[in-house]
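For reference, input32.pdb (PDB, C-alpha atoms):
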```
MODEL        1
ATOM      1  CA  MET A  15      -0.291  -1.983  13.625
ATOM      2  CA  TYR A  16      -2.029  -1.058  10.398
ATOM      3  CA  ASP A  17      -5.385   0.035   9.109
ATOM      4  CA  SER A  18      -6.828  -3.176   7.652
ATOM      5  CA  ASN A  19      -9.623  -1.320   5.892
ATOM      6  CA  THR A  20      -7.120   0.795   3.971
ATOM      7  CA  VAL A  21      -5.151  -2.283   2.960
ATOM      8  CA  ARG A  22      -8.269  -4.167   1.968
ATOM      9  CA  ASP A  23      -9.437  -1.238  -0.187
ATOM     10  CA  ALA A  24      -6.108  -1.381  -2.002
ATOM     11  CA  ALA A  25      -6.525  -5.122  -2.262
ATOM     12  CA  ASN A  26      -9.690  -4.759  -4.267
ATOM     13  CA  PHE A  27      -8.146  -2.279  -6.719
ATOM     14  CA  ASN A  28      -8.098  -4.838  -9.504
ATOM     15  CA  LYS A  29      -8.090  -8.592 -10.215
ATOM     16  CA  LEU A  30      -5.438 -10.761 -11.782
ATOM     17  CA  PHE A  31      -5.337 -14.267 -13.191
ATOM     18  CA  GLU A  32      -3.435 -16.941 -11.323
ATOM     19  CA  SER A  33      -2.718 -18.894 -14.507
ATOM     20  CA  PRO A  34      -2.297 -18.054 -18.215
ATOM     21  CA  GLY A  35      -5.800 -19.264 -19.016
ATOM     22  CA  SER A  36      -9.167 -18.640 -17.405
ATOM     23  CA  ALA A  37      -8.856 -21.396 -14.804
ATOM     24  CA  GLY A  38      -7.037 -19.429 -12.149
ATOM     25  CA  ILE A  39      -8.836 -16.235 -11.180
ATOM     26  CA  PRO A  40      -7.666 -15.589  -7.621
ATOM     27  CA  ARG A  41     -10.125 -15.488  -4.740
ATOM     28  CA  ARG A  42      -8.883 -12.089  -3.588
ATOM     29  CA  VAL A  43      -6.079 -10.045  -5.035
ATOM     30  CA  PHE A  44      -4.748  -7.802  -2.305
ATOM     31  CA  ILE A  45      -2.687  -5.710  -4.677
ATOM     32  CA  ALA A  46      -3.019  -5.322  -8.418
ATOM     33  CA  ALA A  47      -0.672  -2.634  -9.687
ATOM     34  CA  PRO A  48       3.029  -3.407  -9.046
ATOM     35  CA  VAL A  49       3.739   0.261  -8.348
ATOM     36  CA  LEU A  50       0.971   0.438  -5.767
ATOM     37  CA  PHE A  51       2.164  -2.852  -4.329
ATOM     38  CA  ALA A  52       5.738  -1.631  -3.946
ATOM     39  CA  GLY A  53       4.676   1.612  -2.312
ATOM     40  CA  LEU A  54       2.267  -0.042   0.075
ATOM     41  CA  MET A  55       4.735  -2.706   1.116
ATOM     42  CA  ALA A  56       7.498  -0.162   1.634
ATOM     43  CA  ALA A  57       5.238   1.826   3.927
ATOM     44  CA  LEU A  58       3.924  -1.141   5.887
ATOM     45  CA  TYR A  59       6.936  -3.453   5.893
ATOM     46  CA  ARG A  60       8.113  -4.938   9.144
ATOM     47  CA  GLY A  61      11.393  -6.842   9.364
ATOM     48  CA  LYS A  62      11.378 -10.600   9.167
ATOM     49  CA  ARG A  63      11.068 -12.267  12.530
ATOM     50  CA  PRO A  64      12.398 -15.709  13.469
ATOM     51  CA  LEU A  65      10.120 -18.529  12.354
ATOM     52  CA  PRO A  66       8.306 -20.597  14.977
ATOM     53  CA  ASP A  67       9.801 -23.974  15.840
ATOM     54  CA  PRO A  68       8.343 -26.487  13.320
ATOM     55  CA  ALA A  69       8.400 -29.190  16.025
ATOM     56  CA  GLN A  70       6.320 -27.076  18.412
ATOM     57  CA  SER A  71       2.866 -28.456  19.129
ATOM     58  CA  GLY A  72      -0.215 -26.276  19.349
ATOM     59  CA  THR A  73      -3.624 -26.617  20.961
ATOM     60  CA  GLY A  74      -5.718 -27.900  18.062
ATOM     61  CA  SER A  75      -6.441 -31.363  16.700
ATOM     62  CA  GLU A  76      -3.587 -33.796  16.099
ATOM     63  CA  VAL A  77      -2.092 -34.197  12.632
ATOM     64  CA  THR A  78       0.817 -36.157  11.187
ATOM     65  CA  LEU A  79       3.602 -33.943   9.834
ATOM     66  CA  VAL A  80       7.057 -34.644   8.414
ATOM     67  CA  LEU A  81       9.983 -32.700   9.837
ATOM     68  CA  PHE A  82      12.781 -31.554   7.501
ATOM     69  CA  SER A  83      16.213 -30.065   7.961
ATOM     70  CA  ASP A  84      16.865 -26.657   6.399
ATOM     71  CA  ARG A  85      18.773 -28.520   3.687
ATOM     72  CA  GLY A  86      15.534 -30.203   2.636
ATOM     73  CA  GLU A  87      16.405 -33.566   4.168
ATOM     74  CA  ARG A  88      13.465 -35.615   5.404
ATOM     75  CA  LEU A  89      13.907 -36.339   9.116
ATOM     76  CA  ALA A  90      10.902 -37.984  10.759
ATOM     77  CA  ALA A  91       7.110 -38.167  10.769
ATOM     78  CA  VAL A  92       5.614 -36.879  14.010
ATOM     79  CA  ARG A  93       2.217 -36.308  15.571
ATOM     80  CA  LEU A  94       1.635 -32.674  16.550
ATOM     81  CA  LYS A  95      -1.349 -30.537  17.432
ATOM     82  CA  LYS A  96      -2.402 -27.782  15.026
ATOM     83  CA  ILE A  97      -1.415 -24.187  15.782
ATOM     84  CA  LEU A  98      -4.487 -22.154  16.675
ATOM     85  CA  LYS A  99      -4.475 -18.379  17.176
ATOM     86  CA  THR A 100      -7.069 -15.654  17.292
ATOM     87  CA  ASP A 101      -7.334 -13.223  14.407
ATOM     88  CA  ALA A 102      -5.789 -10.532  16.596
ATOM     89  CA  GLU A 103      -2.839 -12.787  17.415
ATOM     90  CA  TRP A 104      -2.218 -13.533  13.727
ATOM     91  CA  ARG A 105      -2.356  -9.828  12.888
ATOM     92  CA  GLN A 106       0.162  -9.122  15.613
ATOM     93  CA  SER A 107       2.637 -11.815  14.553
ATOM     94  CA  LEU A 108       2.496 -11.451  10.757
ATOM     95  CA  ARG A 109       3.495  -8.720   8.318
ATOM     96  CA  VAL A 110       0.594  -7.110   6.471
ATOM     97  CA  GLU A 111       1.045  -9.010   3.210
ATOM     98  CA  GLU A 112       1.583 -12.281   5.091
ATOM     99  CA  TYR A 113      -1.668 -11.852   6.984
ATOM    100  CA  LEU A 114      -3.672 -10.871   3.881
ATOM    101  CA  VAL A 115      -2.543 -14.009   2.042
ATOM    102  CA  THR A 116      -2.384 -16.666   4.748
ATOM    103  CA  ARG A 117      -5.268 -15.686   7.016
ATOM    104  CA  ASP A 118      -7.505 -13.675   4.655
ATOM    105  CA  GLY A 119      -7.107 -15.823   1.525
ATOM    106  CA  GLY A 120      -5.484 -13.141  -0.607
ATOM    107  CA  THR A 121      -3.338 -13.496  -3.709
ATOM    108  CA  GLU A 122      -0.299 -11.347  -4.407
ATOM    109  CA  ALA A 123       0.170  -9.789  -7.822
ATOM    110  CA  ALA A 124       2.134 -11.818 -10.356
ATOM    111  CA  TYR A 125       5.893 -11.171 -10.533
ATOM    112  CA  THR A 126       5.890  -9.161  -7.284
ATOM    113  CA  GLY A 127       6.524 -11.922  -4.736
ATOM    114  CA  GLU A 128       9.962 -12.530  -3.276
ATOM    115  CA  TYR A 129      10.336 -16.108  -4.535
ATOM    116  CA  TRP A 130       8.698 -16.283  -7.963
ATOM    117  CA  ASN A 131      12.130 -16.452  -9.628
ATOM    118  CA  SER A 132      14.222 -17.790  -6.747
ATOM    119  CA  HIS A 133      16.624 -20.679  -7.343
ATOM    120  CA  GLU A 134      18.400 -20.686  -3.992
ATOM    121  CA  PRO A 135      18.967 -23.958  -2.109
ATOM    122  CA  GLY A 136      17.202 -24.523   1.187
ATOM    123  CA  LEU A 137      13.635 -25.180   2.285
ATOM    124  CA  TYR A 138      10.409 -23.214   1.936
ATOM    125  CA  ARG A 139       8.658 -23.131   5.312
ATOM    126  CA  CYS A 140       5.252 -21.795   6.309
ATOM    127  CA  VAL A 141       5.602 -18.159   7.330
ATOM    128  CA  CYS A 142       2.990 -18.681  10.052
ATOM    129  CA  CYS A 143       4.187 -21.848  11.819
ATOM    130  CA  GLY A 144       7.527 -22.961  10.324
ATOM    131  CA  ASN A 145       6.104 -26.165   8.834
ATOM    132  CA  ALA A 146       8.179 -27.536   5.928
ATOM    133  CA  LEU A 147       6.156 -26.995   2.748
ATOM    134  CA  PHE A 148       8.204 -27.069  -0.465
ATOM    135  CA  ARG A 149      11.746 -27.669  -1.680
ATOM    136  CA  PRO A 150      13.711 -26.023  -4.507
ATOM    137  CA  GLN A 151      14.208 -29.393  -6.225
ATOM    138  CA  GLU A 152      10.456 -29.572  -6.924
ATOM    139  CA  LYS A 153      10.247 -25.941  -8.051
ATOM    140  CA  PHE A 154       9.866 -25.089 -11.749
ATOM    141  CA  ASP A 155       9.315 -22.048 -13.938
ATOM    142  CA  SER A 156       5.608 -21.950 -14.760
ATOM    143  CA  ALA A 157       5.779 -18.545 -16.504
ATOM    144  CA  THR A 158       2.895 -17.378 -14.299
ATOM    145  CA  GLY A 159       4.760 -15.048 -11.934
ATOM    146  CA  TRP A 160       4.152 -17.159  -8.836
ATOM    147  CA  PRO A 161       6.394 -19.771  -7.196
ATOM    148  CA  SER A 162       5.346 -23.116  -8.658
ATOM    149  CA  PHE A 163       6.118 -26.648  -7.492
ATOM    150  CA  TRP A 164       5.221 -30.031  -8.954
ATOM    151  CA  ALA A 165       5.014 -31.573  -5.452
ATOM    152  CA  PRO A 166       5.170 -30.535  -1.794
ATOM    153  CA  ALA A 167       8.081 -31.501   0.435
ATOM    154  CA  ALA A 168       5.756 -34.090   2.000
ATOM    155  CA  ASP A 169       2.137 -34.864   1.182
ATOM    156  CA  GLU A 170       1.338 -34.824   4.900
ATOM    157  CA  ASN A 171       2.429 -31.202   5.306
ATOM    158  CA  VAL A 172      -0.212 -29.679   3.050
ATOM    159  CA  TRP A 173      -3.874 -30.373   2.494
ATOM    160  CA  THR A 174      -6.413 -29.280  -0.089
ATOM    161  CA  VAL A 175     -10.043 -28.275  -0.135
ATOM    162  CA  GLU A 176     -12.482 -27.308  -2.862
ATOM    163  CA  ASP A 177     -12.756 -23.547  -3.263
ATOM    164  CA  LYS A 178     -15.906 -22.118  -4.893
ATOM    165  CA  SER A 179     -15.409 -18.552  -3.677
ATOM    166  CA  ILE A 180     -15.430 -17.063  -7.193
ATOM    167  CA  GLY A 181     -18.167 -19.319  -8.552
ATOM    168  CA  VAL A 182     -15.692 -21.690 -10.231
ATOM    169  CA  ALA A 183     -14.466 -24.830  -8.495
ATOM    170  CA  ARG A 184     -10.753 -24.685  -7.714
ATOM    171  CA  THR A 185      -8.476 -26.590  -5.351
ATOM    172  CA  GLU A 186      -7.121 -24.522  -2.484
ATOM    173  CA  VAL A 187      -3.799 -25.501  -0.865
ATOM    174  CA  LEU A 188      -3.361 -25.026   2.884
ATOM    175  CA  CYS A 189      -0.707 -25.706   5.515
ATOM    176  CA  SER A 190      -1.543 -28.829   7.498
ATOM    177  CA  LYS A 191      -0.186 -27.406  10.759
ATOM    178  CA  CYS A 192      -1.896 -23.989  10.923
ATOM    179  CA  ASP A 193      -4.402 -24.004   8.019
ATOM    180  CA  ALA A 194      -2.696 -21.040   6.350
ATOM    181  CA  HIS A 195      -3.905 -20.316   2.829
ATOM    182  CA  LEU A 196      -0.944 -20.968   0.510
ATOM    183  CA  GLY A 197      -2.342 -20.859  -3.019
ATOM    184  CA  HIS A 198      -4.083 -23.204  -5.443
ATOM    185  CA  LEU A 199      -3.402 -26.527  -7.151
ATOM    186  CA  PHE A 200      -3.723 -27.014 -10.910
ATOM    187  CA  ASP A 201      -3.285 -30.049 -13.168
ATOM    188  CA  ASP A 202      -1.085 -28.349 -15.784
ATOM    189  CA  GLY A 203       2.328 -29.005 -14.216
ATOM    190  CA  PRO A 204       5.321 -30.946 -15.544
ATOM    191  CA  PRO A 205       6.208 -34.629 -15.040
ATOM    192  CA  PRO A 206       6.401 -36.661 -12.952
ATOM    193  CA  SER A 207       3.255 -35.427 -11.147
ATOM    194  CA  GLY A 208       1.610 -33.269 -13.824
ATOM    195  CA  LEU A 209       0.612 -30.915 -10.994
ATOM    196  CA  ARG A 210       1.283 -27.228 -10.346
ATOM    197  CA  TYR A 211       1.157 -25.947  -6.793
ATOM    198  CA  CYS A 212       0.772 -22.219  -7.446
ATOM    199  CA  ILE A 213       1.913 -20.655  -4.173
ATOM    200  CA  ASN A 214       2.121 -17.094  -2.866
ATOM    201  CA  SER A 215       5.591 -15.927  -1.856
ATOM    202  CA  ALA A 216       4.040 -14.123   1.123
ATOM    203  CA  ALA A 217       3.007 -17.504   2.570
ATOM    204  CA  LEU A 218       6.566 -18.829   2.417
ATOM    205  CA  ARG A 219       9.916 -18.245   4.060
ATOM    206  CA  LEU A 220      12.947 -19.672   2.280
ATOM    207  CA  VAL A 221      15.389 -20.900   4.917
ATOM    208  CA  GLU A 222      18.593 -21.074   2.942
ATOM    209  CA  ALA A 223      20.868 -24.050   3.513
ATOM    210  CA  GLU A 224      24.525 -23.491   4.249
ATOM    211  CA  VAL A 225      26.541 -24.782   1.315
ATOM    212  CA  SER A 226      29.616 -26.791   2.262
ATOM    213  CA  ARG A 227      32.880 -25.513   0.809
TER
ENDMDL
END
```

Can you dump the structure from the file as structure tokens?
Amino acid sequence: MYDSNTVRDAANFNKLFESPGSAGIPRRVFIAAPVLFAGLMAALYRGKRPLPDPAQSGTGSEVTLVLFSDRGERLAAVRLKKILKTDAEWRQSLRVEEYLVTRDGGTEAAYTGEYWNSHEPGLYRCVCCGNALFRPQEKFDSATGWPSFWAPAADENVWTVEDKSIGVARTEVLCSKCDAHLGHLFDDGPPPSGLRYCINSAALRLVEAEVSR
């Protein structure tokens, strides 16, 4: 376990912008200086655990989700119940940085996340519940330091809500299956959607597809 107060104090060390302009001040930045970030994560890191089964149903309200193979192939739309856990259960099952982003609404520092410059094939799943979220074919270089996508893998698998936590209206992006905070949505992306899903690496797990030889 970890001392959440210590981590949260480090989280408030500084604030960063989530986009090149003034439109993307993050709600909470849990780490600001890359050196501090690296040291903290090295000290608190726990190895990656297997992701939950994306087809597993929870105990919450029913939602429609789309299942995908690890190769990013759309399989079927299903009705599943949301995954609900107590705060203590989320703290137990997630790494520190995963918890701070997905359950506490944090934002990792630019250019520090695992996937900001990743171009590997596969599928980006929710680190909390395994839900299919984004695919590499919709990923683009936004020059912001965060993984950016012009569309989700399926519209059903994410949902958005207005976020006024910093006094400026923004659009928050969440996982439809477990309500994990993923990042924010902006309207400065490339065609064909013109959208930019600015997502934290700590909210994602890239399940790499096996390439046929």

Q: Identify which of the residues A:Lys178, A:Asp202, A:Thr126, A:Leu137 lies closest to A:Ser156, counting only C-alpha atoms when measuring atom-to-atom distances.
A: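 Of A:Lys178, A:Asp202, A:Thr126, A:Leu137, the one nearest A:Ser156, counting only C-alpha atoms, is A:Asp202.
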
(Q) Could you check the closest approach to A:Asn145 for each of A:Glu111, A:Asp84, A:Glu76, A:Asp118 and tell me which residue wins, using all atoms listed in the file? (A) A:Asp84

Q. If the PyMOL selection byres ((chain A and resi 211) around 6) is run on the structure shown, which residues does it catch, given as a ChimeraX atom specification?
A. /A:162-163,199,210,212-213

Q | Nearest to A:Phe154, chosen from A:Gly203, A:Gly72, A:Gly120, A:Pro64, with only C-alpha atoms counted in the distances | A | A:Gly203

Q: Taking the file above as input, evaluate the PyMOL selection byres ((chain A and resi 221) around 7) and report the hits as number ranges by chain.
A: A: 84, 136-138, 219-220, 222-223

Q: With the file shown as input, list the residues that the PyMOL selection byres ((chain A and resi 193) around 12) selects, as JSON, numbers by chain.
A: {"A": [74, 75, 77, 95, 96, 97, 98, 99, 115, 116, 117, 118, 119, 140, 141, 142, 143, 145, 171, 172, 173, 174, 175, 186, 187, 188, 189, 190, 191, 192, 194, 195, 196, 197, 217]}

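Here atom CA of A:Asp67 stands at a distance of 15.3 Å from atom CA of A:Ala91.
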
(Q) Can you measure atom CA of A:Val80 to atom CA of A:Ala167 for me? One decimal in Å is fine. (A)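 So the two atoms, atom CA of A:Val80 and atom CA of A:Ala167, lie 8.6 Å apart.
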
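Of note, atom CA of A:Lys153 and atom CA of A:Ser207 are spaced 12.2 Å apart.
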
(Q) I need the residue nearest A:Arg109 from this list: A:Arg63, A:Trp160, A:Glu176, A:Leu147. Use only C-alpha atoms for the distance. (A)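 Going through A:Arg63, A:Trp160, A:Glu176, A:Leu147 one by one, the smallest distance to A:Arg109 is for A:Arg63.
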
Q.
Considering only C-alpha atoms, can you say which of A:Gly208, A:Gly159, A:Thr78, A:Ser83 comes closest to A:Gly144?
A. A:Ser83
